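Encoded as C-alpha cells, the structure appears first; notes follow it.
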Amino acid sequence: MNNFFRTVIEIPKSFFSINHQTCGLFIGSCFTENIGKKLLENKFFIEMNPFGILYNPISILQCLKILMKNQHFSDENLFFHNEEWHNFSFHGQFSHFDKKKCLENINFSISKYSEFLKKTEILFLTFGTAKVYIYKKTKQIVANCHKVSDKEFERKFLSVNEIIDSYLTLFNELFLQNENLKIVLTLSPVRHLRDGATENQLSKSILTVAIHSLISQFPKNLFYFPAYEIMMDELRDYRFYNEDFIHPNSLGINYIWNRFGETFFEKTTFPILQEMERLNKAILHRPVNIFSQEYEKFRHSQQHFIENLEKKYPFLNFEKEKQHFSK
C-alpha cells in the first residue's frame with residue numbers, strides 16, 4: 001500500500017558490502033557531505049572532501065590526481081582576494097588571512113588524504129554539475145571562484161566525452177595502484193537552478209550519460225547509487241526539501257540514508273546502527289538541571305552503556321562520547 005502513491009526506485013544490491021571497518025573516502029558535492037556525516041555519526045571508518053565541497057567532475061579529478069602524487073603547494077599557488085589567501089582548487093574553508101596558515105592547511109590535507117587514498121577500499125564520487133568555470137588568466141577549471149568577479153571566468157558545459165576520457169585514464173591509474181578498489185558514482189540530488197531549470201537538466205543529463213558510460217567500462221569495479229532519482233521521483237513532494245526548495249531536508253536525507261544502507265551495509269552493521277541511534281539521542285538530550293540527581297543517574301547510565309559498547313565493538317572509538325558524559 002505504501003508504494004501506491006509513489007514511484008519506488010529499484011536499486012540492485014551492491015556487489016560489495018560496507019561494514020564499520022571498511023575504509024572509505026567520499027569526494028564531491030552536498031550529497032557527499034550529508035551521507036558522509038551520517039556515516040561519521042555512526043562510527044564508520046570514512047573520510048570526506050579533502051579539498052572541501054567539490055561540484056564538477058574535473059575538479060574532483062584534479063583533487064584525486066593531486067592526492068595520488070602527494071603534490072604539495074607553494075606560495076605561488078595562492079592568490080589574495082577580499083583580505084584572504086585562496087587557492088582555486090580548494091574550498092573557502094581553507095582560505096585564511098595568514099598566507100602561511102592557508103598553505104599549511106592545504107598541504108596538511110594533501111598529506112593526510114594522500115595516505116588515506118592509498119588504503120581506502122571504497123571511493124565515493126558525487127558529481128553535482130557539468131558546468132565549469134575557467135579562470136581566463138590560466139585557463140584552469142576552478143573548484144571554487146572565491147567571489148572573484150564573474151568577468152574573470154569563462155563558463156561552459158563539459159562534454160560527455162571530456163568527462164569519460166578524463167576518468168578512463170584516472171580510473172586505470174587508480175586500479176593499477178589498488179586493484180581491489182571499488183568506486184561508487186552518484187549524481188547529486190541538489191539541482192543547480194542559478195541559470196535555470198533547463199540548463200540544470202542538461203547538466204544532469206551530461207553527467208548521467210558519462211557516469212553510465214564509465215560504469216560499462218569497469219563493471220566489476222564501479223557501481224551507481226541513484227540518489228538523484230530517489231530525490232526526483234520517490235521524494236518529489238516538497239515536504240522533503242529545505243525552505244529553498246532545492247536542498248533535501250533532514251527527512252529527505254534520512255530516507256536516502258536508509259536506501260543507502262539497504263544497498264551497501266552488511267547485516268552486522270544494523271545492530272550497531274540501532275545502538276548508535278540510542279547513544280546519539282542521549283547526547284542530544286538537554287537536561288533542565290545538570291546538577292540534579294536525575295541527570296547524574298542518566299549520565300552514569302550512559303557511561304555504563306558506552307563501556308558495554310566498547311567491549312562489544314573494540315574496533316570503534318568512543319572517546320568523544322565518553323568525554324561528553326564525563327563533564
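Here, A, B, ... name the chains of the C-alpha cells in the order displayed, residue numbers run from 1 inside each chain, and ligands are numbered from 1 in the same displayed order.
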Phe44 (chain A) environment, 8 Å, only C-alpha atoms, sequence neighbours closer than 6 positions dropped, as a list in words
Asn19, His20, Gln21 and Thr22 of chain A
Let's see if you can do this: from backbone DSSP, list all helix (DSSP H, G or I) residues in region 5-141 of chain A, as a ChimeraX atom specification.
/A:30-41,57-69,75-77,92-94,99-119
Just-selected residues, C-alpha atoms written as a short mmCIF file (atom, residue, chain, number, x, y, z; two decimals), in the first residue's frame:
```
data_model
loop_
_atom_site.label_atom_id
_atom_site.label_comp_id
_atom_site.auth_asym_id
_atom_site.auth_seq_id
_atom_site.Cartn_x
_atom_site.Cartn_y
_atom_site.Cartn_z
CA CYS A 30 26.49 18.32 -0.78
CA PHE A 31 25.28 14.71 -1.04
CA THR A 32 28.79 13.61 -0.06
CA GLU A 33 28.63 15.86 3.00
CA ASN A 34 25.16 14.65 4.04
CA ILE A 35 25.82 10.92 3.73
CA GLY A 36 29.40 11.30 4.96
CA LYS A 37 28.21 12.99 8.17
CA LYS A 38 25.69 10.22 8.78
CA LEU A 39 28.44 7.63 8.39
CA LEU A 40 30.75 9.51 10.77
CA GLU A 41 27.96 9.89 13.34
CA PRO A 57 33.82 16.19 -12.29
CA ILE A 58 37.07 17.85 -13.43
CA SER A 59 37.71 19.49 -10.05
CA ILE A 60 37.09 16.11 -8.39
CA LEU A 61 39.50 14.51 -10.86
CA GLN A 62 42.14 17.19 -10.17
CA CYS A 63 41.75 16.58 -6.44
CA LEU A 64 42.40 12.85 -6.88
CA LYS A 65 45.42 13.45 -9.12
CA ILE A 66 46.98 15.77 -6.53
CA LEU A 67 46.39 13.19 -3.80
CA MET A 68 47.83 10.35 -5.90
CA LYS A 69 51.04 12.35 -6.44
CA ASP A 75 53.30 30.41 -2.20
CA GLU A 76 52.95 30.85 -5.94
CA ASN A 77 49.83 28.64 -5.91
CA GLY A 92 36.80 28.60 1.10
CA GLN A 93 37.18 26.69 4.38
CA PHE A 94 40.92 26.54 3.58
CA LYS A 99 49.31 33.19 3.89
CA LYS A 100 51.46 30.73 5.83
CA LYS A 101 48.44 29.30 7.66
CA CYS A 102 46.49 28.92 4.40
CA LEU A 103 49.36 26.97 2.86
CA GLU A 104 49.79 24.83 5.98
CA ASN A 105 46.09 23.89 5.96
CA ILE A 106 46.21 22.95 2.28
CA ASN A 107 49.39 20.88 2.48
CA PHE A 108 48.35 19.15 5.69
CA SER A 109 45.14 17.99 4.00
CA ILE A 110 47.04 16.80 0.91
CA SER A 111 49.46 14.76 3.04
CA LYS A 112 46.73 13.28 5.23
CA TYR A 113 44.39 12.25 2.44
CA SER A 114 47.15 11.13 0.10
CA GLU A 115 47.97 8.43 2.65
CA PHE A 116 44.29 7.65 3.21
CA LEU A 117 43.66 7.20 -0.53
CA LYS A 118 46.34 4.51 -0.70
CA LYS A 119 44.49 2.29 1.77
#
```
Glu229 (chain A): which residues within 9 Å, counting only C-alpha atoms, same-chain residues fewer than 5 positions away excluded, as a list in words?
Ile9, Leu187, Pro189, Glu234 and Leu235 of chain A
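The protein and nucleic acid residues lying at most 12 Å from Leu158 (chain A) are Asn56, Pro57, Ile58, Ser59, Thr129, Ala130, Lys131, Val132, Tyr133, Ile134, Ile141, Ile163, Ile164, Asp165, Ser166, Leu202, Ser203, Lys204, Ser205, Ile206, Leu207 and Ala210 of chain A, with only C-alpha atoms considered and sequence neighbours fewer than 5 positions away removed.
Shortest separation to Arg299 (chain A) among A:Lys267, A:His212, A:Lys322, A:Arg259 occurs at residue A:Lys322, atoms counted being only C-alpha atoms.
Proximity of A:Ser326, A:Leu174, A:Val148, A:Asn317 to Glu296 (chain A), computed with only C-alpha atoms, is greatest for A:Ser326.
The interatomic distance for the pair CA of Leu273 (chain A) and CA of Phe260 (chain A) works out to 13.2 Å.
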Output as JSON, numbers by chain all residues of region 34-190 of chain A that backbone DSSP marks as strand (DSSP E or B).
{"A": [46, 47, 48, 50, 52, 79, 80, 81, 84, 85, 86, 96, 122, 123, 124, 125, 126, 127, 131, 132, 133, 134, 135, 140, 141, 142, 153, 154, 155, 156, 157, 182, 183, 184, 185, 186, 187]}
Restricting the output to N, CA and C atoms, write the selected residues as a compact mmCIF listing (two decimals), in the first residue's frame.
```txt
# COMPACT_ATOMS: atom_id res chain seq x y z
N ILE A 46 35.45 6.37 7.72
CA ILE A 46 35.47 7.10 6.45
C ILE A 46 36.07 8.49 6.64
N GLU A 47 36.50 9.07 5.53
CA GLU A 47 36.92 10.47 5.48
C GLU A 47 36.20 11.11 4.31
N MET A 48 36.08 12.45 4.34
CA MET A 48 35.36 13.08 3.23
C MET A 48 35.93 14.46 2.88
N PRO A 50 38.56 16.07 1.05
CA PRO A 50 39.87 16.61 1.43
C PRO A 50 40.13 18.02 0.95
N GLY A 52 37.42 20.16 0.51
CA GLY A 52 36.14 20.80 0.72
C GLY A 52 35.15 20.35 -0.33
N PHE A 79 46.52 33.06 -4.13
CA PHE A 79 46.25 34.43 -4.56
C PHE A 79 45.48 35.14 -3.45
N PHE A 80 45.60 36.46 -3.42
CA PHE A 80 45.00 37.27 -2.37
C PHE A 80 43.76 37.99 -2.90
N HIS A 81 42.64 37.84 -2.18
CA HIS A 81 41.39 38.47 -2.61
C HIS A 81 40.48 38.63 -1.39
N GLU A 84 41.88 37.79 2.11
CA GLU A 84 42.29 36.42 2.44
C GLU A 84 43.09 35.80 1.30
N TRP A 85 43.86 34.77 1.66
CA TRP A 85 44.59 33.98 0.68
C TRP A 85 43.77 32.76 0.29
N HIS A 86 43.78 32.42 -1.00
CA HIS A 86 42.96 31.33 -1.51
C HIS A 86 43.76 30.49 -2.52
N HIS A 96 42.52 31.82 4.28
CA HIS A 96 42.96 32.39 5.56
C HIS A 96 43.62 33.74 5.32
N ILE A 122 36.92 1.77 -0.64
CA ILE A 122 35.79 2.24 -1.44
C ILE A 122 35.89 3.76 -1.61
N LEU A 123 35.73 4.21 -2.84
CA LEU A 123 35.80 5.62 -3.17
C LEU A 123 34.43 6.06 -3.68
N PHE A 124 33.82 7.03 -3.02
CA PHE A 124 32.51 7.55 -3.41
C PHE A 124 32.70 8.91 -4.07
N LEU A 125 32.25 9.04 -5.31
CA LEU A 125 32.38 10.30 -6.04
C LEU A 125 30.99 10.80 -6.43
N THR A 126 30.67 12.03 -6.03
CA THR A 126 29.37 12.62 -6.34
C THR A 126 29.55 13.80 -7.27
N PHE A 127 29.00 13.70 -8.48
CA PHE A 127 29.05 14.79 -9.46
C PHE A 127 27.82 15.68 -9.27
N LYS A 131 28.61 22.04 -15.53
CA LYS A 131 29.05 23.40 -15.88
C LYS A 131 30.31 23.74 -15.09
N VAL A 132 31.31 24.26 -15.77
CA VAL A 132 32.57 24.61 -15.13
C VAL A 132 32.89 26.08 -15.35
N TYR A 133 33.70 26.62 -14.43
CA TYR A 133 34.20 27.98 -14.53
C TYR A 133 35.70 27.90 -14.84
N ILE A 134 36.11 28.58 -15.89
CA ILE A 134 37.50 28.56 -16.33
C ILE A 134 38.12 29.93 -16.08
N TYR A 135 39.16 29.97 -15.28
CA TYR A 135 39.85 31.23 -14.98
C TYR A 135 40.61 31.67 -16.22
N GLN A 140 42.52 27.55 -16.25
CA GLN A 140 42.29 26.48 -15.28
C GLN A 140 40.81 26.38 -14.92
N ILE A 141 40.29 25.14 -14.89
CA ILE A 141 38.95 24.91 -14.37
C ILE A 141 39.04 24.97 -12.85
N VAL A 142 38.25 25.86 -12.26
CA VAL A 142 38.36 26.07 -10.81
C VAL A 142 37.29 25.30 -10.07
N PHE A 153 36.09 34.91 -15.46
CA PHE A 153 35.86 33.50 -15.78
C PHE A 153 35.07 33.32 -17.07
N GLU A 154 35.37 32.22 -17.71
CA GLU A 154 34.56 31.75 -18.84
C GLU A 154 33.76 30.56 -18.34
N ARG A 155 32.49 30.50 -18.71
CA ARG A 155 31.65 29.37 -18.28
C ARG A 155 31.32 28.48 -19.47
N LYS A 156 31.32 27.18 -19.23
CA LYS A 156 30.94 26.26 -20.31
C LYS A 156 30.48 24.93 -19.71
N PHE A 157 29.77 24.15 -20.52
CA PHE A 157 29.41 22.80 -20.14
C PHE A 157 30.52 21.85 -20.59
N LYS A 182 36.95 -0.30 -5.04
CA LYS A 182 35.60 -0.20 -5.58
C LYS A 182 35.21 1.29 -5.59
N ILE A 183 34.55 1.72 -6.65
CA ILE A 183 34.17 3.13 -6.79
C ILE A 183 32.66 3.23 -6.98
N VAL A 184 32.03 4.06 -6.16
CA VAL A 184 30.59 4.33 -6.29
C VAL A 184 30.43 5.72 -6.88
N LEU A 185 29.70 5.80 -7.98
CA LEU A 185 29.41 7.09 -8.62
C LEU A 185 27.97 7.49 -8.30
N THR A 186 27.78 8.75 -7.94
CA THR A 186 26.43 9.24 -7.68
C THR A 186 26.24 10.59 -8.35
N LEU A 187 25.00 10.89 -8.62
CA LEU A 187 24.62 12.19 -9.19
C LEU A 187 23.92 12.96 -8.08
```
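Distances here use only C-alpha atoms; by that measure, the residue among A:Ser301, A:Thr263, A:Asn49, A:Asn180 closest to Ile11 (chain A) is A:Thr263.
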Excluding Leu316 (chain A) and its own-chain neighbours fewer than 3 positions away, which residues fall within 10 Å of it when counting only C-alpha atoms? Please give them as JSON, numbers by chain.
{"A": [20, 21, 42, 43, 44, 45, 309, 310, 311, 312, 313, 319]}
Do you know which residues are at most 10 Å from Ser14 (chain A) counting only C-alpha atoms, after dropping those on the same chain fewer than 6 positions away, and could you put them as a ChimeraX atom specification?
/A:184,222-225,262-265
Fewer than 4 positions away in the same chain doesn't count, so skip those; otherwise give me all residues within 10 Å of region 283-292 of chain A, counting only C-alpha atoms, as a compact mmCIF listing (two decimals) with C-alpha atoms, in the first residue's frame.
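selection.txt, written as the output of this step:
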```txt
# COMPACT_ATOMS: atom_id res chain seq x y z
CA GLU A 277 20.97 5.87 17.35
CA ARG A 278 20.24 5.42 21.07
CA LEU A 279 23.62 6.93 22.02
CA GLU A 296 23.51 12.29 37.43
CA LYS A 297 21.76 8.90 37.12
CA PHE A 298 21.23 9.50 33.39
CA ARG A 299 24.90 10.40 32.91
CA GLN A 302 25.16 6.40 29.53
CA GLU A 321 31.10 10.28 23.74
CA HIS A 324 30.66 14.27 26.73
CA PHE A 325 29.21 12.29 29.66
CA LYS A 327 31.68 16.56 32.10
```
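Taking CA of Ala227 (chain A) as the reference point, CA of Ser159 (chain A) is found at 22.1 Å.
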